[in-house]
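Below is start.tsv, holding TSV, C-alpha atoms.
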chain	number	residue	atom	x	y	z
F	1	MET	CA	15.97	29.78	-51.42
F	2	ALA	CA	19.62	28.82	-50.90
F	3	ARG	CA	20.77	32.28	-51.89
F	4	THR	CA	18.30	33.92	-49.47
F	5	GLN	CA	19.55	31.70	-46.66
F	6	ARG	CA	23.13	32.64	-47.40
F	7	LEU	CA	22.18	36.33	-47.25
F	8	GLU	CA	20.42	35.84	-43.94
F	9	VAL	CA	23.48	34.14	-42.50
F	10	ARG	CA	25.77	36.92	-43.69
F	11	LEU	CA	23.47	39.61	-42.29
F	12	ALA	CA	23.06	37.89	-38.92
F	13	LEU	CA	26.12	39.48	-37.28
F	14	PRO	CA	25.69	43.09	-38.52
F	15	LEU	CA	21.97	43.08	-37.72
F	16	ALA	CA	22.76	41.69	-34.28
F	17	LEU	CA	25.20	44.57	-33.75
F	18	VAL	CA	22.54	47.12	-34.78
F	19	ALA	CA	20.04	45.51	-32.42
F	20	THR	CA	22.59	45.47	-29.58
F	21	VAL	CA	23.52	49.14	-30.05
F	22	THR	CA	19.84	50.07	-30.19
F	23	ALA	CA	19.07	48.12	-27.03
F	24	VAL	CA	22.06	49.50	-25.13
F	25	GLY	CA	21.31	53.05	-26.27
F	26	THR	CA	17.64	52.82	-25.32
F	27	LEU	CA	18.44	51.41	-21.89
F	28	GLY	CA	21.21	53.97	-21.33
F	29	TYR	CA	19.08	57.01	-22.21
F	30	TRP	CA	16.19	55.71	-20.13
F	31	LEU	CA	18.50	55.40	-17.10
F	32	LEU	CA	20.11	58.81	-17.75
F	33	TRP	CA	16.74	60.53	-18.07
F	34	ARG	CA	14.88	58.81	-15.27
F	35	PRO	CA	15.02	61.98	-13.14
F	36	TYR	CA	13.16	63.77	-15.95
F	37	GLY	CA	10.45	61.11	-16.16
F	38	ALA	CA	11.49	59.96	-19.65
F	39	SER	CA	9.63	57.04	-21.25
F	40	TRP	CA	11.05	54.09	-23.14
F	41	LEU	CA	9.83	55.72	-26.37
F	42	ASP	CA	11.82	58.86	-25.56
F	43	ALA	CA	14.94	56.73	-25.06
F	44	LEU	CA	14.37	54.74	-28.27
F	45	TYR	CA	13.75	57.96	-30.21
F	46	MET	CA	17.03	59.44	-29.00
F	47	THR	CA	18.91	56.27	-29.94
F	48	PHE	CA	17.32	56.24	-33.39
F	49	ILE	CA	18.13	59.85	-34.29
F	50	THR	CA	21.69	59.32	-33.03
F	51	ILE	CA	22.66	56.17	-34.97
F	52	THR	CA	20.88	57.33	-38.14
F	53	THR	CA	22.61	60.76	-37.95
F	54	ILE	CA	19.25	62.56	-38.23
F	55	GLY	CA	20.17	64.61	-35.18
F	56	TYR	CA	16.98	66.41	-34.11
F	57	SER	CA	16.92	68.17	-30.73
F	58	GLU	CA	17.20	66.01	-27.61
F	59	PRO	CA	13.94	65.36	-25.73
F	60	PHE	CA	15.74	66.03	-22.39
F	61	PRO	CA	18.98	67.78	-21.42
F	62	LEU	CA	22.30	65.91	-21.76
F	63	ASP	CA	25.02	66.38	-19.15
F	64	GLU	CA	28.71	65.65	-19.82
F	65	GLY	CA	28.42	61.92	-19.17
F	66	ALA	CA	25.32	61.65	-21.38
F	67	ARG	CA	27.12	63.42	-24.23
F	68	ILE	CA	30.04	60.97	-24.04
F	69	PHE	CA	27.51	58.11	-24.05
F	70	THR	CA	25.84	59.67	-27.12
F	71	MET	CA	29.14	59.83	-29.00
F	72	VAL	CA	29.82	56.16	-28.27
F	73	ILE	CA	26.31	55.14	-29.36
F	74	GLY	CA	26.56	57.29	-32.49
F	75	THR	CA	29.94	55.88	-33.52
F	76	THR	CA	29.06	52.22	-32.95
F	77	GLY	CA	25.56	52.62	-34.37
F	78	ILE	CA	26.72	54.28	-37.59
F	79	ALA	CA	29.47	51.68	-37.99
F	80	SER	CA	27.01	48.80	-37.55
F	81	LEU	CA	24.59	50.33	-40.07
F	82	PHE	CA	27.39	50.72	-42.61
F	83	TYR	CA	28.32	47.10	-41.88
F	84	VAL	CA	24.78	46.02	-42.81
F	85	PHE	CA	24.82	48.14	-45.94
F	86	GLY	CA	28.25	46.84	-46.97
F	87	VAL	CA	27.29	43.18	-46.55
F	88	PHE	CA	24.10	43.67	-48.56
F	89	MET	CA	25.87	45.49	-51.41
F	90	ASP	CA	28.62	42.87	-51.44
F	91	TYR	CA	25.93	40.20	-51.77
F	92	LEU	CA	24.28	41.99	-54.71
F	93	VAL	CA	27.59	42.42	-56.53
F	94	GLU	CA	28.52	38.81	-55.87
F	95	MET	CA	25.19	37.54	-57.17
F	96	GLY	CA	25.54	39.60	-60.33
F	97	ALA	CA	29.07	38.34	-60.92
F	98	SER	CA	28.12	34.73	-60.16
F	99	GLY	CA	25.17	34.99	-62.55
F	100	GLU	CA	27.45	36.08	-65.38
F	101	ARG	CA	29.99	33.44	-64.44
F	102	ARG	CA	27.30	30.76	-64.38
F	103	LYS	CA	26.03	31.91	-67.76
F	104	ARG	CA	29.51	31.63	-69.30
F	105	GLN	CA	30.01	28.21	-67.71
F	106	MET	CA	26.72	26.95	-69.13
F	107	GLU	CA	27.58	28.27	-72.59
F	108	ARG	CA	30.91	26.44	-72.47
F	109	LYS	CA	29.16	23.21	-71.43
F	110	VAL	CA	26.66	23.54	-74.28
F	111	THR	CA	29.47	24.19	-76.77
F	112	ALA	CA	31.11	20.92	-75.70
F	113	LEU	CA	27.92	18.89	-76.31
F	114	SER	CA	26.97	17.02	-79.46
F	115	GLU	CA	24.31	14.41	-80.21
F	116	HIS	CA	22.37	15.80	-77.26
F	117	VAL	CA	18.71	16.53	-76.61
F	118	ILE	CA	17.25	20.03	-76.25
F	119	LEU	CA	14.37	20.31	-73.78
F	120	THR	CA	12.31	23.49	-74.04
F	121	GLY	CA	10.03	24.30	-71.12
F	122	LEU	CA	10.26	23.20	-67.48
F	123	GLY	CA	6.65	22.95	-66.43
F	124	ARG	CA	5.18	19.76	-64.98
F	125	VAL	CA	5.72	17.84	-68.21
F	126	GLY	CA	9.19	19.32	-68.67
F	127	HIS	CA	10.18	18.32	-65.14
F	128	GLN	CA	9.30	14.71	-65.82
F	129	ALA	CA	11.11	14.74	-69.16
F	130	ALA	CA	14.22	16.22	-67.54
F	131	GLU	CA	14.21	13.59	-64.79
F	132	GLU	CA	13.86	10.76	-67.33
F	133	LEU	CA	16.71	12.13	-69.46
F	134	SER	CA	18.87	12.52	-66.37
F	135	GLN	CA	18.18	8.96	-65.18
F	136	ALA	CA	18.99	7.67	-68.66
F	137	ARG	CA	22.31	9.63	-68.50
F	138	GLU	CA	21.39	11.24	-71.80
F	139	PRO	CA	23.16	14.57	-72.42
F	140	PHE	CA	20.59	17.35	-72.67
F	141	VAL	CA	20.19	21.11	-72.50
F	142	VAL	CA	17.22	22.84	-70.87
F	143	VAL	CA	15.99	26.07	-72.45
F	144	GLU	CA	13.76	28.07	-70.11
F	145	ARG	CA	12.98	31.77	-69.68
F	146	ASP	CA	11.48	31.69	-66.17
F	147	PRO	CA	14.29	32.62	-63.71
F	148	GLU	CA	12.84	30.47	-60.91
F	149	ARG	CA	12.69	27.41	-63.13
F	150	VAL	CA	16.19	28.14	-64.40
F	151	GLN	CA	17.44	28.22	-60.81
F	152	TRP	CA	15.66	24.91	-60.12
F	153	ALA	CA	17.44	23.35	-63.10
F	154	VAL	CA	20.79	24.70	-61.91
F	155	ASP	CA	20.15	23.25	-58.44
F	156	GLN	CA	19.48	19.87	-60.06
F	157	GLY	CA	22.81	20.03	-61.89
F	158	TYR	CA	21.27	20.32	-65.37
F	159	VAL	CA	22.83	22.24	-68.22
F	160	VAL	CA	20.43	25.14	-68.74
F	161	LEU	CA	20.19	28.23	-70.91
F	162	GLU	CA	17.95	31.10	-69.89
F	163	GLY	CA	16.15	32.39	-72.96
F	164	ASP	CA	13.17	32.18	-75.28
F	165	ALA	CA	13.15	28.90	-77.20
F	166	THR	CA	10.97	30.42	-79.93
F	167	GLU	CA	13.94	32.54	-81.02
F	168	ASP	CA	16.39	31.03	-83.51
F	169	GLU	CA	19.37	32.56	-81.73
F	170	THR	CA	18.48	30.79	-78.48
F	171	LEU	CA	18.18	27.44	-80.24
F	172	LYS	CA	21.54	28.02	-81.92
F	173	LYS	CA	23.11	28.72	-78.52
F	174	ALA	CA	21.64	25.41	-77.35
F	175	GLY	CA	23.58	23.69	-80.13
F	176	ILE	CA	20.64	22.70	-82.29
F	177	GLU	CA	22.87	22.07	-85.31
F	178	ARG	CA	24.70	19.36	-83.30
F	179	ALA	CA	21.68	18.01	-81.41
F	180	LYS	CA	19.98	14.71	-82.17
F	181	GLY	CA	16.60	15.51	-80.65
F	182	LEU	CA	14.34	18.24	-79.32
F	183	ILE	CA	11.43	18.10	-76.89
F	184	ALA	CA	8.99	21.02	-77.13
F	185	ALA	CA	7.34	20.79	-73.70
F	186	THR	CA	6.10	24.30	-72.97
F	187	GLY	CA	2.50	24.69	-71.85
F	188	ASP	CA	1.69	26.92	-74.84
F	189	ASP	CA	0.68	25.09	-78.04
F	190	ALA	CA	1.44	28.15	-80.17
F	191	ALA	CA	4.94	28.41	-78.70
F	192	ASN	CA	5.53	24.69	-79.24
F	193	LEU	CA	4.40	25.01	-82.87
F	194	PHE	CA	6.78	27.91	-83.43
F	195	ILE	CA	9.63	25.99	-81.77
F	196	VAL	CA	9.00	23.01	-84.05
F	197	LEU	CA	9.04	25.22	-87.15
F	198	SER	CA	12.28	26.93	-86.12
F	199	ALA	CA	13.98	23.71	-85.05
F	200	ARG	CA	13.11	21.90	-88.28
F	201	ALA	CA	14.44	24.80	-90.35
F	202	LEU	CA	17.70	24.91	-88.38
F	203	ASN	CA	18.28	21.14	-88.39
F	204	PRO	CA	16.39	19.07	-90.98
F	205	GLU	CA	17.70	15.79	-89.48
F	206	LEU	CA	16.56	16.57	-85.93
F	207	TYR	CA	14.12	14.19	-84.22
F	208	ILE	CA	11.40	16.39	-82.72
F	209	VAL	CA	8.81	15.44	-80.12
F	210	ALA	CA	6.25	18.09	-79.21
F	211	ARG	CA	3.58	18.48	-76.56
F	212	SER	CA	0.07	19.57	-77.49
F	213	GLU	CA	-3.00	20.01	-75.32
F	214	ASP	CA	-5.32	20.71	-78.25
F	215	ALA	CA	-6.03	17.79	-80.57
F	216	GLY	CA	-6.66	20.24	-83.42
F	217	VAL	CA	-3.07	21.48	-83.24
F	218	ILE	CA	-1.50	18.02	-83.60
F	219	PRO	CA	-1.83	17.82	-87.42
F	220	LYS	CA	-0.33	21.30	-87.72
F	221	MET	CA	2.67	20.34	-85.61
F	222	LEU	CA	3.22	17.23	-87.69
F	223	LYS	CA	3.10	19.31	-90.86
F	224	ALA	CA	5.47	21.83	-89.28
F	225	GLY	CA	8.07	19.10	-88.85
F	226	ALA	CA	7.44	17.26	-85.59
F	227	ASN	CA	8.15	13.53	-85.73
F	228	ARG	CA	5.81	12.84	-82.81
F	229	VAL	CA	3.18	14.92	-81.02
F	230	ILE	CA	2.04	13.92	-77.55
F	231	ASP	CA	-1.10	14.90	-75.65
F	232	PRO	CA	-0.10	14.32	-72.00
F	233	TYR	CA	-3.70	14.35	-70.78
F	234	ALA	CA	-4.79	11.74	-73.32
F	235	ILE	CA	-1.82	9.56	-72.41
F	236	GLY	CA	-2.58	9.99	-68.71
F	237	GLY	CA	-6.20	8.97	-69.25
F	238	ARG	CA	-5.26	5.88	-71.25
F	239	ARG	CA	-2.74	4.90	-68.62
F	240	LEU	CA	-5.31	5.20	-65.83
F	241	ALA	CA	-7.68	2.94	-67.74
F	242	SER	CA	-4.89	0.48	-68.56
F	243	LEU	CA	-3.89	0.25	-64.90
F	244	VAL	CA	-7.41	-0.95	-64.12
F	245	LEU	CA	-7.69	-3.27	-67.12
F	246	HIS	CA	-4.12	-4.63	-67.36
F	247	PRO	CA	-2.15	-3.64	-64.23
F	248	ALA	CA	0.55	-6.32	-64.63
F	249	VAL	CA	1.23	-5.33	-68.23
F	250	VAL	CA	1.49	-1.64	-67.37
F	251	ASP	CA	3.81	-2.34	-64.43
F	252	PHE	CA	6.03	-4.51	-66.63
F	253	LEU	CA	6.26	-1.95	-69.42
F	254	GLU	CA	6.84	0.91	-66.99
F	255	THR	CA	9.68	-1.00	-65.38
F	256	THR	CA	11.34	-1.96	-68.66
F	257	LEU	CA	11.04	1.47	-70.22
F	258	ARG	CA	12.50	3.32	-67.23
F	259	ARG	CA	16.26	3.29	-67.16
F	260	GLY	CA	18.30	3.68	-64.02
F	261	GLY	CA	17.86	0.88	-61.52
F	262	ALA	CA	15.41	-1.15	-63.65
F	263	PRO	CA	16.21	-4.91	-63.80
F	264	ILE	CA	15.34	-5.16	-67.49
F	265	SER	CA	15.03	-2.61	-70.26
F	266	ILE	CA	13.54	-2.25	-73.71
F	267	GLU	CA	15.67	-0.22	-76.11
F	268	ASP	CA	15.73	0.64	-79.80
F	269	ILE	CA	18.92	0.26	-81.85
F	270	LEU	CA	19.38	1.99	-85.18
F	271	ILE	CA	21.29	-0.04	-87.76
F	272	THR	CA	23.66	2.26	-89.64
F	273	ARG	CA	25.51	1.31	-92.80
F	274	ASP	CA	28.71	0.83	-90.77
F	275	SER	CA	27.03	-1.34	-88.13
F	276	PRO	CA	28.53	-4.83	-87.70
F	277	LEU	CA	24.95	-6.17	-87.74
F	278	VAL	CA	24.37	-5.25	-91.41
F	279	GLY	CA	23.94	-8.30	-93.63
F	280	ARG	CA	23.79	-10.73	-90.73
F	281	SER	CA	20.76	-12.66	-89.54
F	282	ILE	CA	19.40	-13.04	-86.02
F	283	ALA	CA	20.38	-16.73	-86.05
F	284	GLU	CA	23.92	-15.93	-87.18
F	285	LEU	CA	24.41	-13.28	-84.52
F	286	ASN	CA	22.93	-15.53	-81.82
F	287	LEU	CA	22.14	-12.48	-79.70
F	288	ASN	CA	20.12	-14.39	-77.12
F	289	ARG	CA	22.85	-16.85	-76.24
F	290	ARG	CA	25.80	-14.44	-76.52
F	291	TYR	CA	24.26	-11.41	-74.82
F	292	GLY	CA	20.91	-12.51	-73.41
F	293	ILE	CA	19.17	-10.11	-75.79
F	294	VAL	CA	15.69	-10.82	-77.13
F	295	VAL	CA	14.73	-9.18	-80.45
F	296	LEU	CA	11.11	-8.08	-80.09
F	297	ALA	CA	10.61	-6.34	-83.43
F	298	VAL	CA	12.31	-4.84	-86.45
F	299	ILE	CA	10.93	-1.60	-87.89
F	300	ARG	CA	11.84	-1.30	-91.56
F	301	GLY	CA	10.35	1.78	-93.14
F	302	ASP	CA	6.57	1.51	-92.82
F	303	GLU	CA	6.78	-2.21	-92.07
F	304	THR	CA	7.03	-3.65	-88.59
F	305	LEU	CA	8.26	-7.23	-88.16
F	306	VAL	CA	7.02	-8.46	-84.78
F	307	SER	CA	8.95	-11.41	-83.31
F	308	PRO	CA	11.09	-11.62	-86.47
F	309	ALA	CA	12.20	-15.05	-87.67
F	310	ALA	CA	15.73	-16.26	-87.02
F	311	GLU	CA	16.44	-15.88	-90.76
F	312	CYS	CA	15.72	-12.13	-90.67
F	313	VAL	CA	18.74	-10.23	-92.01
F	314	PHE	CA	19.45	-6.73	-90.69
F	315	LYS	CA	19.66	-3.88	-93.19
F	316	PRO	CA	20.86	-0.26	-92.88
F	317	GLY	CA	18.07	1.95	-91.52
F	318	ASP	CA	16.41	-0.84	-89.52
F	319	GLN	CA	15.17	0.11	-86.09
F	320	VAL	CA	15.57	-2.95	-83.86
F	321	ILE	CA	13.54	-3.19	-80.64
F	322	VAL	CA	15.34	-5.40	-78.12
F	323	MET	CA	14.87	-6.44	-74.50
F	324	ALA	CA	17.51	-7.47	-71.95
F	325	THR	CA	18.96	-6.43	-68.64
F	326	VAL	CA	20.54	-2.99	-68.48
F	327	GLU	CA	24.02	-4.48	-68.08
F	328	GLN	CA	23.59	-6.80	-71.06
F	329	LEU	CA	22.39	-3.96	-73.28
F	330	GLU	CA	25.22	-1.67	-72.21
F	331	GLN	CA	27.81	-4.35	-72.99
F	332	PHE	CA	26.25	-5.06	-76.37
F	333	VAL	CA	26.01	-1.39	-77.32
F	334	ARG	CA	29.64	-0.75	-76.32
F	335	GLU	CA	30.90	-3.62	-78.47
F	336	MET	CA	28.75	-2.59	-81.43
F	337	GLU	CA	29.89	1.04	-81.22
F	338	LEU	CA	33.55	0.02	-81.14
F	339	GLN	CA	33.16	-2.21	-84.18
F	340	GLU	CA	31.06	0.42	-85.93
F	341	GLY	CA	33.84	2.94	-85.43
F	342	VAL	CA	36.38	0.53	-86.96
F	343	ASN	CA	34.09	-0.12	-89.92
F	344	ARG	CA	33.56	3.61	-90.46
F	345	ARG	CA	37.31	4.32	-90.50
F	346	GLU	CA	37.94	1.49	-92.94
F	347	ARG	CA	35.16	2.72	-95.23
F	348	LEU	CA	36.47	6.29	-95.19
F	349	GLU	CA	39.99	5.02	-96.00
F	350	ARG	CA	38.66	3.00	-98.93
F	351	GLU	CA	36.71	5.98	-100.21
F	352	ALA	CA	39.78	8.22	-99.86
F	353	LYS	CA	41.93	5.74	-101.85
F	354	GLY	CA	39.22	5.42	-104.50
F	355	ALA	CA	39.07	9.19	-104.89
Can I see the file as structure tokens?
Amino acid sequence: MARTQRLEVRLALPLALVATVTAVGTLGYWLLWRPYGASWLDALYMTFITITTIGYSEPFPLDEGARIFTMVIGTTGIASLFYVFGVFMDYLVEMGASGERRKRQMERKVTALSEHVILTGLGRVGHQAAEELSQAREPFVVVERDPERVQWAVDQGYVVLEGDATEDETLKKAGIERAKGLIAATGDDAANLFIVLSARALNPELYIVARSEDAGVIPKMLKAGANRVIDPYAIGGRRLASLVLHPAVVDFLETTLRRGGAPISIEDILITRDSPLVGRSIAELNLNRRYGIVVLAVIRGDETLVSPAAECVFKPGDQVIVMATVEQLEQFVREMELQEGVNRRERLEREAKGA
């Protein structure tokens, strides 16, 4: 839409000149040929064949003054038509060049990304996923083949690649080897299944979430390599029922799980082997008093420890579910990442000396 408006603005002046020349020519010929009983159509016809250089015979005789008037109308009319043509061609060339330039810019942005999320498909579900990722300030790349949806993503400021996500080459361009997650959100279950298969083959460590509208396809997607498969209609139905049965609970969870302006948030923290939390208990860390963080659960393999005891010691691979304000969580994560980086460097130095 923005591009069309820009074209209309650029064509406004040349089209106005064409209209002015046409109006002046029509009025002039009508006045010149009034003694012959010429109609407005006769005058418009003469103006048209003059400015378009068609040059059929004149409907009525032209005296010396009328011929001079015809030369003026012909010159200005042809010039204004060439002006219209030039502006339009310039617009087409510019759009082609800007499209290539935009494509190269997007490819450079994707190359600079790592630990990002790849979102395939920008339908209704994809739109919501993109908005959530954007609000969470999570780096992500949209892969979409529909030009209109690609333009929408560009207008939103998203990093987007135009292409078919079922093709390995497109996923490689999206940086799948460096990505941490992929969302297969197209409206075609077969396409989502193929995307999952390709993504898992290209990056065995990738966390993959897929959309499926057919319950029978869900087991196949899980076998193909998806970590989670979501049926948006089933989730929507359960949410509608929950809003009637437990509205306060749903409102609370929706608020805490949405980042960006939410007063409190629920997040998951993965404990790596270099994490400063490894080998330390909840009581020792005193997370509630130091950071205002409440530990809701610890997921350890297939076991889930709900409201873990203060004596619970964190181990590498634990997934810790915590709740706090957004500011408190951001401060905690920053400090943990800094210490984790120090621990990682020290470990690598020890391993290098041992080797």
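Distances to Arg347 (chain F) were evaluated for F:Ala185, F:Val298, F:Asp231, F:Ser275 using all atoms listed in the file, and the minimum falls at F:Ser275.
The two atoms in question, CA of Pro204 (chain F) and CA of Val150 (chain F), are spaced 28.1 Å apart.
The gap separating CA of Glu337 (chain F) from CA of Arg228 (chain F) is 26.9 Å, in Å to one decimal.
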Practice problem: Just the residues within 12 Å of Ala12 (chain F), please, counting only C-alpha atoms, with nothing from its chain fewer than 3 positions along; format it as a ChimeraX atom specification. | Solution: /F:5-9,15-19,80,83-84,87-88
Quiz item: Got a sec: who's within 12 Å of Glu148 (chain F), counting only C-alpha atoms, leaving out chain neighbours fewer than 4 positions off, as a PyMOL selection string?
Solution: chain F and resi 1+122-123+144+152-155+162
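Closest approach to Lys172 (chain F) among F:Gln156, F:Ser57, F:Thr111, F:Asn192: F:Thr111, based on all atoms listed in the file.
Each of F:Leu287, F:Ile208, F:Leu119, F:Ala129 was checked against Met221 (chain F) using only C-alpha atoms; the smallest atom-to-atom distance is that of F:Ile208.
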How big is the axis-aligned box around all listed atoms of region 118-125 of chain F once 4 Å goes on each side, and where's its centre, in Å to one decimal, as AutoDock Vina command-line options?
--center_x 11.2 --center_y 21.1 --center_z -70.6 --size_x 20.1 --size_y 14.5 --size_z 19.3
Neighbouring residues of Gly77 (chain F) were defined as those with any atom within 6 Å, considering all atoms listed in the file; residues of the same chain fewer than 4 positions away were excluded. Please report them as a compact mmCIF listing (two decimals) with C-alpha atoms, in the frame of the given file.
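Output file selection_0.txt is given in full below:
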# COMPACT_ATOMS: atom_id res chain seq x y z
CA VAL F 21 23.52 49.14 -30.05
CA ILE F 51 22.66 56.17 -34.97
CA ILE F 73 26.31 55.14 -29.36
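Reported to one decimal place, the separation of CA of Gly86 (chain F) from CA of Ala23 (chain F) is 22.0 Å.
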Quiz prompt | Distance query Gln331 (chain F) at most 12 Å, only C-alpha atoms, self and fewer than 4 positions along chain excluded, as a list of chain:residue names | solution = F:Leu287, F:Arg290, F:Tyr291, F:Gly292, F:Ile293, F:Ala324, F:Thr325, F:Val326, F:Glu327, F:Glu335, F:Met336, F:Glu337, F:Leu338
Emit the selected residues as a compact mmCIF listing (two decimals), keeping the file's coordinate frame, including C-alpha atoms.
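Wrote result-v3.txt, looks like this:
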# COMPACT_ATOMS: atom_id res chain seq x y z
CA LEU F 287 22.14 -12.48 -79.70
CA ARG F 290 25.80 -14.44 -76.52
CA TYR F 291 24.26 -11.41 -74.82
CA GLY F 292 20.91 -12.51 -73.41
CA ILE F 293 19.17 -10.11 -75.79
CA ALA F 324 17.51 -7.47 -71.95
CA THR F 325 18.96 -6.43 -68.64
CA VAL F 326 20.54 -2.99 -68.48
CA GLU F 327 24.02 -4.48 -68.08
CA GLU F 335 30.90 -3.62 -78.47
CA MET F 336 28.75 -2.59 -81.43
CA GLU F 337 29.89 1.04 -81.22
CA LEU F 338 33.55 0.02 -81.14
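Closest to Met46 (chain F) among F:Glu64, F:Val24, F:Ala241, F:Leu197 is F:Val24, based on only C-alpha atoms.
Using only C-alpha atoms, the contacts of Val143 (chain F) at a cut-off of 9 Å, with sequence neighbours closer than 3 positions omitted, comprise Ile118, Leu119, Thr120, Gly121, Leu122, Val150, Val159, Val160, Leu161, Glu162, Gly163, Asp164, Ala165, Thr170, Leu171 and Ala174 of chain F.
Proximity to Ala310 (chain F) was assessed for F:Glu205, F:Glu267, F:Asp189, F:Glu284 counting all atoms listed in the file; the smallest distance is recorded for F:Glu284.
Taking only C-alpha atoms into account, Glu138 (chain F) lies nearest to F:Lys180 out of the set F:Lys220, F:Lys173, F:Lys180, F:Arg104.
With only the atoms specified (only C-alpha atoms) counting, those residues at most 6 Å away from (11.5, 18.0, -78.4) are Leu119, Leu182, Ile183, Ala184, Ile208, Val209 and Ala210 of chain F.
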